[in-house]
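Before any comments, here is the structure.
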Amino acid sequence: MAMPAPDFNLCLFLIPERVQMEEQFKTLTVLSHYLETARFCQFWDEAVTNRSIVEVVPGHQHRRTLFGQVSGTSGCKLWVGS
């Protein structure tokens, strides 16, 4: 049985390929992959490195709380932004 496609992947079809090739967009794709595959420690490491990209995502403050609770169970060091 195939897994359903996440909204992020579906939205990729709406974004021109030239935009998808930009470094910031590639970073968002990597972050999305880490979350989809439950690689929370890698997600937080990348989020710290690319904090300016993550902070402009609408609702990131609310999601950070949820991700923090889930990630905390795996022993990851979490990024706590302002």
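If you're wondering about the labels, chains in the structure tokens are A, B, ... by order shown, residues count from 1 in each chain, ligands from 1 in order shown.
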
Would you list the contacts of Phe43 (chain A) as a PyMOL selection string, taking every protein, DNA or RNA residue within 8 Å and counting only C-alpha atoms, but skipping same-chain residues closer than 4 positions in sequence?
-> chain A and resi 31+34-35+39+47

Could you take the residues named above and write them with all heavy atoms, as a compact mmCIF listing (two decimals), in the first residue's frame?
```txt
# COMPACT_ATOMS: atom_id res chain seq x y z
N LEU A 31 14.26 19.95 5.12
CA LEU A 31 13.57 20.00 6.41
C LEU A 31 12.27 19.20 6.37
O LEU A 31 11.97 18.45 7.30
CB LEU A 31 13.29 21.45 6.81
CG LEU A 31 14.50 22.27 7.21
CD1 LEU A 31 14.14 23.75 7.30
CD2 LEU A 31 15.08 21.77 8.52
N TYR A 34 13.07 15.51 6.56
CA TYR A 34 13.44 15.08 7.91
C TYR A 34 12.20 14.87 8.78
O TYR A 34 12.12 13.91 9.54
CB TYR A 34 14.37 16.09 8.57
CG TYR A 34 15.78 16.10 8.03
CD1 TYR A 34 16.57 17.22 8.17
CD2 TYR A 34 16.32 15.00 7.39
CE1 TYR A 34 17.88 17.24 7.68
CE2 TYR A 34 17.62 15.01 6.91
CZ TYR A 34 18.39 16.13 7.06
OH TYR A 34 19.68 16.15 6.58
N LEU A 35 11.23 15.77 8.67
CA LEU A 35 10.02 15.62 9.48
C LEU A 35 9.19 14.42 9.03
O LEU A 35 8.67 13.67 9.87
CB LEU A 35 9.18 16.90 9.42
CG LEU A 35 9.77 18.10 10.13
CD1 LEU A 35 8.87 19.31 9.93
CD2 LEU A 35 9.98 17.83 11.61
N ARG A 39 13.06 12.08 11.45
CA ARG A 39 14.48 12.31 11.77
C ARG A 39 14.57 13.67 12.46
O ARG A 39 15.08 14.64 11.92
CB ARG A 39 15.30 12.24 10.49
CG ARG A 39 15.30 10.83 9.90
CD ARG A 39 15.82 10.74 8.51
NE ARG A 39 17.18 11.25 8.40
CZ ARG A 39 17.78 11.43 7.25
NH1 ARG A 39 17.16 11.15 6.11
NH2 ARG A 39 19.01 11.90 7.19
N ALA A 47 17.50 23.17 11.24
CA ALA A 47 16.71 24.36 11.58
C ALA A 47 17.57 25.41 12.27
O ALA A 47 17.41 26.61 12.03
CB ALA A 47 15.53 23.98 12.47
```
